[in-house]
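Engineer: Here it is: the structure, laid out below.
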Number of protein chains: 2
Amino acid sequence: MRGLILNALRREGHISGEELGRRLNVSRTAVWKYINELRKKGYEIDSSSKLGYFFIKGPDLLLPEEIAIGLNTRVLGREIVYREETDSTQDVAKDLVERGAKEGTVVIAEGQTRGRGRRGRSWSSPHRAGVYLSIILRPSLKPFEVLQIPLIAGVAVCRAIESVTPLKPRIKWPNDIILGGKKVGGILTEMSAEIDRVDHIALGIGVNVNTQRSLIPWEIREAATSLAEECGEYVSRVRFIQHLLAELESLYGEFVMSGFGAIKEKWNAFDDTIGSWLKVSGVGNEVEGEAIDIDWDGALILKQKDGGIEKIVSGDITLSGYGKGR
Amino acid sequence: MRGLILNALRREGHISGEELGRRLNVSRTAVWKYINELRKKGYEIDSSSKLGYFFIKGPDLLLPEEIAIGLNTRVLGREIVYREETDSTQDVAKDLVERGAKEGTVVIAEGQTRGRGRRGRSWSSPHRAGVYLSIILRPSLKPFEVLQIPLIAGVAVCRAIESVTPLKPRIKWPNDIILGGKKVGGILTEMSAEIDRVDHIALGIGVNVNTQRSLIPWEIREAATSLAEECGEYVSRVRFIQHLLAELESLYGEFVMSGFGAIKEKWNAFDDTIGSWLKVSGVGNEVEGEAIDIDWDGALILKQKDGGIEKIVSGDITLSGYGKGR
């Protein structure tokens with residue numbers, strides 16, 4: 001109901017409580033109660049006895065009812081679990097799975113106290129500055145096909161950035177989103193699986209949206225940035241999430257139907273890896289070579305000095321002369 | 001302490017409470033209390049005022065202190081979590097992982113109410129008849145390498161069967177243990193992982209040890225059997241578990257150090273798959289061909305009628321002319 005009232009307020013300019021009540025089939029007093037609830041959440045709503053209610057502005061929050069208005073998806077984000085603050089949206093998502101959460105359920109937090117990146121690293125998640133969300137997926141995949149999920153998510157993040165800013169994001173394989181050579185977002189794909197069957201995936205996406213430079217931990221300040229820092233203005237996190245979920249749903253649907261082949265070209269459009277000379281350090285070994293392609297299964301193909309071809313599915317990338325495309 | 005008393009009783013024939021207390025540095029009354037606890041658990045212990053205590057026999061239970069006596073491992077089973085009955089040892093293992101359980105922790109249940117096989121199928125787990133256990137592993141593997149874990153476990157199960165019976169078990173790729181053409185055991189490998197790093201594995205092993213034919217669900221009675229049914233006599237589940245854990249620890253150590261190559265030959269010795277004509281049904285497709293080998297990574301290699309080679313990492317096997325080796 002709060003969502004419906006918000007919707008009407010935003011569309012209408014001035015509207016009387018009586019008219020609002022009539023449209024939504026509730027009493028004027030009920031309308032007045034809902035308006036007060038919204039005000040408590042930080043919405044500024046003017047009211048005059050002559051003109052009725054008037055929407056001034058919303059709080060900068062990721063409330064599910066805000067995201068639902070104009071969300072153009074069928075599955076992703078139809079169920080949103082919202083937390084003002086949590087340890088890690090990934091952990092909340094896993095708990096939800098155990099309690100039977102459906103595919104497409106999204107966990108959103110305004111801030112994380114123990115946000116995670118890959119390999120147990122921390123992901124700085126200052127309050128109300130970025131987008132920190134986890135999506136529950138239950139695809140019929142084999143574990144090795146899951147390698148493709150972060151690539152798909154990367155394309156969705158880049159497209160969402162392009163939708164809400166004039167920026168030109170790029171992807172560093174497999175899962176870093178880059179702006180002007182600095183990291184602006186990351187993707188963490190965690191799965192629970194049998195050897196040949198995925199049970200579920202918790203797909204974590206973290207993007208520095210309005211994060212001010214001063215809020216970025218100093219150790220990574222040279223290597224990290226935010227959308228707002230790069231484009232010079234505030235970016236709506238709600239709109240970003242709406243675009244992100246819509247892009248992801250469309251790409252994910254394509255992937256599930258037709259495999260990664262259909263996505264590869266779209267990934268290439270954002271790629272900042274192919275053509276670079278890379279050092280890849282894995283568990284106890286290191287490979288060096290030119291990134292010449294990504295494989296049909298999402299693995300990186302490296303051509304070594306001696307011409308040898310190495311297929312990389314793991315490891316962290318260090319770069320020498322990285323970033324041909326900027 | 002119960003374990004120490006059991007140990008002494010078993011070794012000594014008759015032994016007085018006083019002597020027992022002296023050896024274990026507790027009072028005669030404490031000894032008497034422990035003896036009574038053991039009796040309550042089903043141990044038959046005679047006592048006479050002249051000769052002292054005398055061990056008659058133990059209950060047919062998988063109590064951790066029973067398994068610990070003579071367990072020849074360094075890691076696997078040094079920590080045992082015992083349940084008279086549980087839903088599924090796999091689920092108990094996963095809960096333990098979240099509470100920080102160490103690698104090698106083993107969950108053992110006398111019976112499972114919701115024992116699981118692969119792909120969500122049920123695993124019949126009648127009380128005190130079989131061995132139903134889960135082992136927590138935390139190897140430094142990539143998800144696709146986990147495919148090799150059930151193969152290693154299969155070898156360990158076969159070797160343990162050979163140690164405690166005169167039977168000749170065989171393995172149907174990837175994870176069925178076969179006796180006389182019937183299934184006697186299965187392996188379920190569930191993992192939690194990032195795309196390129198395994199966090200932990202819950203390795204579930206179910207073996208019909210003393211399961212009577214009448215306890216095998218009628219739907220699978222033609223296709224399933226137990227060790228006792230095949231060799232015609234009662235088999236000690238405790239001894240079976242001790243051998244299983246020791247074999248698995250040694251093979252797993254070899255695998256972690258040297259990769260699957262070191263295990264492959266041992267697997268071949270029990271193989272009942274290579275040389276057979278197989279139908280493999282996966283998710284939405286079916287492949288038919290002769291199993292010609294397993295790959296270095298544990299995948300099955302199938303040669304189709306037209307000479308085409310197919311590598312199988314998934315799917316359930318249906319057999320035509322299966323079982324060359326029996």
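So you can find residues: chains in the structure tokens are A, B, ... in the order shown, residues in each start at 1, and ligands are numbered from 1 in order.
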Can you give me chain A superposed onto chain B, least-squares on all Cα in order, written as a short mmCIF file (atom, residue, chain, number, x, y, z; two decimals) with C-alpha atoms, in the first residue's frame?
Structural biologist:
```cif
data_model
loop_
_atom_site.label_atom_id
_atom_site.label_comp_id
_atom_site.auth_asym_id
_atom_site.auth_seq_id
_atom_site.Cartn_x
_atom_site.Cartn_y
_atom_site.Cartn_z
CA MET A 1 37.75 -42.35 30.21
CA ARG A 2 35.02 -44.75 29.09
CA GLY A 3 37.21 -45.49 26.08
CA LEU A 4 40.23 -46.23 28.25
CA ILE A 5 38.23 -48.53 30.52
CA LEU A 6 36.82 -50.38 27.51
CA ASN A 7 40.28 -50.75 26.13
CA ALA A 8 41.64 -52.23 29.35
CA LEU A 9 38.66 -54.55 29.81
CA ARG A 10 39.04 -55.91 26.33
CA ARG A 11 42.76 -56.51 26.63
CA GLU A 12 42.83 -58.02 30.08
CA GLY A 13 40.26 -60.71 30.50
CA HIS A 14 39.47 -60.43 34.21
CA ILE A 15 40.58 -57.29 35.98
CA SER A 16 39.64 -55.96 39.39
CA GLY A 17 38.11 -52.54 39.91
CA GLU A 18 41.04 -51.66 42.14
CA GLU A 19 43.60 -52.53 39.48
CA LEU A 20 41.61 -50.65 36.81
CA GLY A 21 41.40 -47.59 39.06
CA ARG A 22 45.12 -47.71 39.77
CA ARG A 23 46.02 -47.87 36.08
CA LEU A 24 43.73 -45.02 35.08
CA ASN A 25 44.37 -43.01 38.21
CA VAL A 26 40.75 -42.87 39.41
CA SER A 27 38.98 -44.31 42.44
CA ARG A 28 37.30 -47.75 42.52
CA THR A 29 33.98 -45.98 42.88
CA ALA A 30 34.64 -43.95 39.74
CA VAL A 31 35.48 -47.14 37.87
CA TRP A 32 32.22 -48.65 39.09
CA LYS A 33 30.34 -45.57 37.81
CA TYR A 34 31.91 -45.77 34.35
CA ILE A 35 31.20 -49.51 34.15
CA ASN A 36 27.55 -48.81 34.89
CA GLU A 37 27.44 -46.16 32.18
CA LEU A 38 28.82 -48.67 29.71
CA ARG A 39 26.24 -51.24 30.75
CA LYS A 40 23.51 -48.70 30.18
CA LYS A 41 24.80 -48.22 26.63
CA GLY A 42 24.40 -51.93 26.04
CA TYR A 43 27.82 -53.31 26.95
CA GLU A 44 27.72 -56.68 28.70
CA ILE A 45 30.31 -56.65 31.46
CA ASP A 46 30.40 -59.42 34.02
CA SER A 47 31.64 -58.77 37.53
CA SER A 48 32.50 -61.08 40.38
CA SER A 49 33.91 -60.08 43.74
CA LYS A 50 36.72 -62.60 43.31
CA LEU A 51 37.82 -62.11 39.71
CA GLY A 52 36.77 -58.54 39.05
CA TYR A 53 35.28 -57.26 35.82
CA PHE A 54 35.12 -59.27 32.62
CA PHE A 55 34.18 -57.96 29.17
CA ILE A 56 31.58 -60.15 27.47
CA LYS A 57 30.48 -58.14 24.48
CA GLY A 58 29.72 -54.66 23.24
CA PRO A 59 26.50 -53.36 21.74
CA ASP A 60 26.42 -53.17 17.96
CA LEU A 61 26.78 -49.39 17.95
CA LEU A 62 29.08 -46.95 16.19
CA LEU A 63 30.02 -45.07 19.36
CA PRO A 64 32.98 -42.75 18.85
CA GLU A 65 34.93 -44.43 21.65
CA GLU A 66 34.53 -47.79 19.87
CA ILE A 67 35.76 -46.38 16.60
CA ALA A 68 38.65 -44.59 18.29
CA ILE A 69 40.05 -47.88 19.64
CA GLY A 70 42.49 -48.94 16.96
CA LEU A 71 41.68 -46.12 14.53
CA ASN A 72 44.79 -45.70 12.48
CA THR A 73 44.41 -42.14 11.15
CA ARG A 74 45.88 -38.74 11.91
CA VAL A 75 43.08 -36.48 10.70
CA LEU A 76 39.98 -38.33 9.50
CA GLY A 77 37.72 -39.29 12.37
CA ARG A 78 39.87 -37.81 15.12
CA GLU A 79 36.72 -35.79 15.75
CA ILE A 80 33.51 -37.83 15.52
CA VAL A 81 30.00 -36.47 15.92
CA TYR A 82 27.62 -39.31 16.73
CA ARG A 83 23.86 -39.38 16.28
CA GLU A 84 21.55 -42.24 17.19
CA GLU A 85 19.28 -40.88 14.48
CA THR A 86 19.34 -37.79 12.28
CA ASP A 87 17.75 -36.38 9.14
CA SER A 88 20.91 -36.60 7.08
CA THR A 89 24.54 -36.72 8.14
CA GLN A 90 25.28 -34.39 5.20
CA ASP A 91 23.12 -31.69 6.74
CA VAL A 92 24.69 -32.18 10.15
CA ALA A 93 28.13 -31.86 8.53
CA LYS A 94 27.16 -28.60 6.81
CA ASP A 95 25.88 -27.17 10.09
CA LEU A 96 29.15 -28.14 11.74
CA VAL A 97 31.14 -26.37 9.01
CA GLU A 98 29.26 -23.16 9.74
CA ARG A 99 30.24 -23.54 13.35
CA GLY A 100 33.89 -23.94 12.35
CA ALA A 101 34.36 -27.73 12.28
CA LYS A 102 37.83 -28.90 11.31
CA GLU A 103 38.87 -30.91 8.26
CA GLY A 104 38.48 -34.59 8.98
CA THR A 105 35.49 -34.26 11.28
CA VAL A 106 33.19 -37.25 10.70
CA VAL A 107 29.44 -37.37 11.33
CA ILE A 108 28.09 -40.86 11.97
CA ALA A 109 24.45 -41.84 12.43
CA GLU A 110 22.92 -45.21 13.32
CA GLY A 111 20.00 -44.29 11.11
CA GLN A 112 18.86 -41.46 8.85
CA THR A 113 15.27 -40.38 8.39
CA ARG A 114 16.01 -38.43 5.23
CA GLY A 115 19.22 -39.93 3.88
CA ARG A 116 20.15 -38.46 0.51
CA GLY A 117 21.64 -39.92 -2.62
CA ARG A 118 22.74 -38.02 -5.69
CA ARG A 119 20.41 -35.56 -7.38
CA GLY A 120 18.08 -35.34 -4.43
CA ARG A 121 17.19 -39.04 -4.44
CA SER A 122 16.63 -40.73 -1.11
CA TRP A 123 19.08 -43.18 0.44
CA SER A 124 17.42 -45.88 2.53
CA SER A 125 19.14 -45.88 5.93
CA PRO A 126 17.59 -48.47 8.25
CA HIS A 127 18.64 -48.26 11.88
CA ARG A 128 21.93 -49.92 12.88
CA ALA A 129 22.03 -51.84 9.61
CA GLY A 130 24.38 -49.77 7.50
CA VAL A 131 27.13 -47.21 7.71
CA TYR A 132 25.95 -43.68 7.03
CA LEU A 133 28.62 -41.07 7.50
CA SER A 134 29.77 -37.69 6.26
CA ILE A 135 33.32 -36.42 6.25
CA ILE A 136 34.24 -32.73 6.21
CA LEU A 137 37.10 -31.97 3.84
CA ARG A 138 38.68 -28.61 3.10
CA PRO A 139 41.08 -29.31 0.27
CA SER A 140 42.78 -26.60 -1.73
CA LEU A 141 41.02 -27.61 -4.96
CA LYS A 142 39.26 -25.96 -7.86
CA PRO A 143 35.63 -26.96 -8.24
CA PHE A 144 36.29 -29.09 -11.33
CA GLU A 145 38.88 -31.11 -9.43
CA VAL A 146 36.23 -32.16 -6.94
CA LEU A 147 35.03 -34.63 -9.58
CA GLN A 148 37.91 -36.79 -8.42
CA ILE A 149 36.85 -36.96 -4.78
CA PRO A 150 34.08 -39.57 -5.21
CA LEU A 151 36.46 -41.73 -7.25
CA ILE A 152 38.98 -41.68 -4.42
CA ALA A 153 36.25 -42.40 -1.90
CA GLY A 154 35.09 -45.31 -4.06
CA VAL A 155 38.54 -46.89 -3.93
CA ALA A 156 38.62 -46.44 -0.15
CA VAL A 157 35.20 -48.08 0.25
CA CYS A 158 36.25 -51.04 -1.93
CA ARG A 159 39.49 -51.51 -0.02
CA ALA A 160 37.66 -51.36 3.31
CA ILE A 161 35.20 -54.00 2.07
CA GLU A 162 38.14 -56.21 1.06
CA SER A 163 39.67 -55.74 4.51
CA VAL A 164 36.64 -56.95 6.46
CA THR A 165 35.10 -59.48 4.05
CA PRO A 166 36.29 -61.91 1.37
CA LEU A 167 34.15 -60.04 -1.17
CA LYS A 168 35.35 -58.49 -4.43
CA PRO A 169 33.66 -55.10 -4.80
CA ARG A 170 33.69 -53.12 -8.01
CA ILE A 171 33.00 -49.49 -8.92
CA LYS A 172 30.49 -48.24 -11.42
CA TRP A 173 31.66 -44.77 -12.47
CA PRO A 174 31.42 -42.37 -10.88
CA ASN A 175 30.17 -43.43 -7.48
CA ASP A 176 28.32 -46.72 -7.13
CA ILE A 177 29.88 -49.59 -5.24
CA ILE A 178 28.78 -52.89 -6.70
CA LEU A 179 28.77 -56.50 -5.47
CA GLY A 180 27.58 -59.26 -7.78
CA GLY A 181 26.00 -56.71 -10.04
CA LYS A 182 24.01 -55.06 -7.24
CA LYS A 183 24.56 -51.75 -5.54
CA VAL A 184 25.95 -52.02 -2.02
CA GLY A 185 27.12 -48.46 -1.46
CA GLY A 186 27.11 -44.95 -2.81
CA ILE A 187 28.96 -41.71 -2.46
CA LEU A 188 27.55 -38.21 -2.40
CA THR A 189 29.92 -35.29 -2.82
CA GLU A 190 28.52 -31.88 -1.99
CA MET A 191 30.62 -28.76 -2.02
CA SER A 192 30.47 -25.11 -1.22
CA ALA A 193 32.74 -23.14 -3.52
CA GLU A 194 33.65 -19.95 -5.29
CA ILE A 195 34.11 -20.35 -9.02
CA ASP A 196 37.77 -21.16 -8.61
CA ARG A 197 38.15 -22.24 -5.00
CA VAL A 198 36.46 -24.89 -2.92
CA ASP A 199 35.53 -23.80 0.57
CA HIS A 200 34.55 -27.21 1.89
CA ILE A 201 33.25 -30.59 0.84
CA ALA A 202 30.77 -32.78 2.66
CA LEU A 203 31.66 -36.29 1.50
CA GLY A 204 28.78 -38.65 2.23
CA ILE A 205 29.29 -42.40 2.21
CA GLY A 206 26.48 -44.89 2.59
CA VAL A 207 27.12 -48.64 2.66
CA ASN A 208 24.64 -51.41 3.32
CA VAL A 209 26.65 -53.46 5.78
CA ASN A 210 24.35 -55.79 7.73
CA THR A 211 21.17 -54.67 6.02
CA GLN A 212 18.88 -57.68 5.65
CA ARG A 213 17.17 -58.22 2.33
CA SER A 214 13.83 -57.58 4.01
CA LEU A 215 15.00 -54.10 5.07
CA ILE A 216 15.90 -53.08 1.53
CA PRO A 217 12.98 -51.15 0.00
CA TRP A 218 11.17 -53.47 -2.36
CA GLU A 219 11.48 -51.10 -5.33
CA ILE A 220 15.26 -51.57 -5.33
CA ARG A 221 15.49 -55.07 -3.83
CA GLU A 222 16.57 -56.59 -7.14
CA ALA A 223 19.20 -53.89 -7.67
CA ALA A 224 20.62 -53.54 -4.15
CA THR A 225 22.37 -55.77 -1.65
CA SER A 226 24.46 -55.61 1.54
CA LEU A 227 27.84 -56.95 2.64
CA ALA A 228 26.19 -59.42 5.02
CA GLU A 229 23.80 -60.68 2.33
CA GLU A 230 26.71 -61.27 -0.03
CA CYS A 231 29.19 -62.90 2.35
CA GLY A 232 26.62 -64.69 4.47
CA GLU A 233 27.71 -63.37 7.83
CA TYR A 234 27.53 -60.40 10.14
CA VAL A 235 30.16 -57.73 9.44
CA SER A 236 31.51 -55.39 12.11
CA ARG A 237 30.48 -51.87 11.16
CA VAL A 238 33.06 -50.44 13.57
CA ARG A 239 35.91 -52.29 11.89
CA PHE A 240 34.57 -51.33 8.48
CA ILE A 241 34.59 -47.65 9.42
CA GLN A 242 38.09 -47.89 10.87
CA HIS A 243 39.41 -49.39 7.63
CA LEU A 244 37.42 -46.96 5.52
CA LEU A 245 38.82 -43.90 7.28
CA ALA A 246 42.39 -45.23 7.19
CA GLU A 247 42.21 -46.07 3.48
CA LEU A 248 40.59 -42.78 2.65
CA GLU A 249 43.14 -40.77 4.61
CA SER A 250 45.99 -42.44 2.81
CA LEU A 251 44.45 -42.06 -0.67
CA TYR A 252 43.30 -38.51 -0.01
CA GLY A 253 46.77 -37.54 1.19
CA GLU A 254 48.28 -39.01 -1.96
CA PHE A 255 45.73 -37.16 -4.10
CA VAL A 256 46.32 -33.80 -2.43
CA MET A 257 50.10 -34.23 -2.79
CA SER A 258 50.35 -35.75 -6.26
CA GLY A 259 47.00 -35.34 -8.00
CA PHE A 260 44.63 -37.94 -9.36
CA GLY A 261 47.27 -39.56 -11.57
CA ALA A 262 48.61 -41.40 -8.53
CA ILE A 263 45.17 -42.83 -7.72
CA LYS A 264 44.00 -43.72 -11.21
CA GLU A 265 45.66 -47.13 -11.31
CA LYS A 266 44.16 -48.03 -7.95
CA TRP A 267 40.78 -46.99 -9.24
CA ASN A 268 41.26 -49.11 -12.37
CA ALA A 269 41.75 -52.18 -10.17
CA PHE A 270 38.11 -51.92 -9.04
CA ASP A 271 36.67 -50.53 -12.22
CA ASP A 272 33.56 -52.14 -13.66
CA THR A 273 32.88 -49.48 -16.27
CA ILE A 274 35.68 -49.38 -18.85
CA GLY A 275 34.92 -51.66 -21.77
CA SER A 276 31.15 -51.51 -21.31
CA TRP A 277 28.63 -50.04 -23.69
CA LEU A 278 26.84 -47.23 -21.89
CA LYS A 279 23.98 -44.86 -22.25
CA VAL A 280 24.53 -41.64 -20.37
CA SER A 281 21.58 -39.40 -19.82
CA GLY A 282 22.31 -35.90 -18.66
CA VAL A 283 20.22 -32.78 -18.49
CA GLY A 284 18.25 -32.91 -21.71
CA ASN A 285 20.57 -35.03 -23.80
CA GLU A 286 21.73 -38.63 -24.15
CA VAL A 287 25.02 -40.05 -25.30
CA GLU A 288 25.78 -43.67 -26.12
CA GLY A 289 29.14 -45.32 -26.55
CA GLU A 290 31.86 -47.58 -25.23
CA ALA A 291 33.56 -46.44 -22.05
CA ILE A 292 37.22 -46.48 -23.03
CA ASP A 293 38.93 -44.76 -20.10
CA ILE A 294 38.67 -42.25 -17.34
CA ASP A 295 40.55 -39.04 -17.91
CA TRP A 296 43.27 -37.54 -15.72
CA ASP A 297 40.58 -35.36 -14.15
CA GLY A 298 38.20 -38.22 -13.39
CA ALA A 299 35.85 -37.71 -16.34
CA LEU A 300 34.62 -40.72 -18.29
CA ILE A 301 35.67 -41.00 -21.92
CA LEU A 302 33.09 -42.50 -24.23
CA LYS A 303 33.72 -43.63 -27.81
CA GLN A 304 30.59 -43.34 -29.91
CA LYS A 305 29.56 -45.59 -32.80
CA ASP A 306 30.85 -43.09 -35.35
CA GLY A 307 34.20 -42.97 -33.58
CA GLY A 308 33.49 -39.64 -31.94
CA ILE A 309 34.93 -39.16 -28.48
CA GLU A 310 32.75 -37.71 -25.75
CA LYS A 311 33.96 -36.67 -22.32
CA ILE A 312 31.36 -37.19 -19.61
CA VAL A 313 31.46 -35.36 -16.32
CA SER A 314 27.82 -35.61 -15.53
CA GLY A 315 24.78 -37.71 -16.04
CA ASP A 316 23.39 -40.97 -14.88
CA ILE A 317 24.55 -44.13 -16.47
CA THR A 318 22.25 -46.71 -17.94
CA LEU A 319 23.88 -49.84 -19.14
CA SER A 320 23.62 -52.09 -22.12
CA GLY A 321 25.73 -55.17 -21.61
CA TYR A 322 27.19 -53.50 -18.58
CA GLY A 323 29.65 -55.27 -16.30
CA LYS A 324 32.34 -56.92 -18.41
CA GLY A 325 34.30 -57.77 -15.33
CA ARG A 326 32.03 -59.99 -13.30
#
```
Engineer: Extract the full set of strand (DSSP E or B) residues from segment 90-293 of chain B according to DSSP on the backbone, and format it as a ChimeraX atom specification.
Structural biologist: /B:106-109,112,116,122,131-137,170-172,176-179,182-194,197-207,224,271,277-281,286-293
Engineer: May I have the residues from that selection written out with C-alpha atoms, as a compact mmCIF listing (two decimals), in the first residue's frame?
Structural biologist:
```
# COMPACT_ATOMS: atom_id res chain seq x y z
CA VAL B 106 33.30 -37.28 10.69
CA VAL B 107 29.57 -37.41 11.33
CA ILE B 108 28.22 -40.90 11.97
CA ALA B 109 24.58 -41.89 12.47
CA GLN B 112 18.96 -41.49 8.92
CA ARG B 116 20.20 -38.49 0.59
CA SER B 122 16.66 -40.76 -1.02
CA VAL B 131 27.24 -47.25 7.71
CA TYR B 132 26.05 -43.71 7.04
CA LEU B 133 28.72 -41.11 7.50
CA SER B 134 29.86 -37.72 6.27
CA ILE B 135 33.40 -36.45 6.23
CA ILE B 136 34.31 -32.75 6.21
CA LEU B 137 37.14 -31.97 3.82
CA ARG B 170 33.69 -53.11 -8.04
CA ILE B 171 33.00 -49.48 -8.95
CA LYS B 172 30.47 -48.22 -11.42
CA ASP B 176 28.33 -46.71 -7.13
CA ILE B 177 29.90 -49.59 -5.25
CA ILE B 178 28.81 -52.89 -6.72
CA LEU B 179 28.79 -56.51 -5.49
CA LYS B 182 24.04 -55.08 -7.23
CA LYS B 183 24.59 -51.77 -5.53
CA VAL B 184 26.00 -52.03 -2.01
CA GLY B 185 27.18 -48.48 -1.46
CA GLY B 186 27.14 -44.97 -2.80
CA ILE B 187 28.99 -41.72 -2.45
CA LEU B 188 27.57 -38.23 -2.38
CA THR B 189 29.94 -35.30 -2.79
CA GLU B 190 28.53 -31.89 -1.93
CA MET B 191 30.62 -28.75 -1.97
CA SER B 192 30.42 -25.10 -1.16
CA ALA B 193 32.65 -23.10 -3.46
CA GLU B 194 33.52 -19.90 -5.23
CA ARG B 197 38.06 -22.17 -4.99
CA VAL B 198 36.42 -24.84 -2.91
CA ASP B 199 35.50 -23.77 0.59
CA HIS B 200 34.57 -27.19 1.91
CA ILE B 201 33.28 -30.59 0.85
CA ALA B 202 30.83 -32.80 2.68
CA LEU B 203 31.70 -36.30 1.50
CA GLY B 204 28.84 -38.66 2.24
CA ILE B 205 29.36 -42.42 2.20
CA GLY B 206 26.55 -44.92 2.60
CA VAL B 207 27.19 -48.66 2.66
CA ALA B 224 20.66 -53.56 -4.12
CA ASP B 271 36.65 -50.51 -12.28
CA TRP B 277 28.56 -50.02 -23.71
CA LEU B 278 26.76 -47.23 -21.90
CA LYS B 279 23.89 -44.86 -22.24
CA VAL B 280 24.45 -41.64 -20.35
CA SER B 281 21.50 -39.40 -19.78
CA GLU B 286 21.62 -38.62 -24.11
CA VAL B 287 24.91 -40.04 -25.29
CA GLU B 288 25.67 -43.67 -26.12
CA GLY B 289 29.01 -45.30 -26.57
CA GLU B 290 31.75 -47.55 -25.27
CA ALA B 291 33.47 -46.42 -22.08
CA ILE B 292 37.13 -46.45 -23.08
CA ASP B 293 38.84 -44.73 -20.17
```
Engineer: DSSP on the backbone: which residues in segment 48-292 of chain B end up as helix (DSSP H, G or I)? Give the answer as a ChimeraX atom specification.
Structural biologist: /B:64-68,89-98,118-120,143-164,213-215,218-220,227-231,237-258,261-270
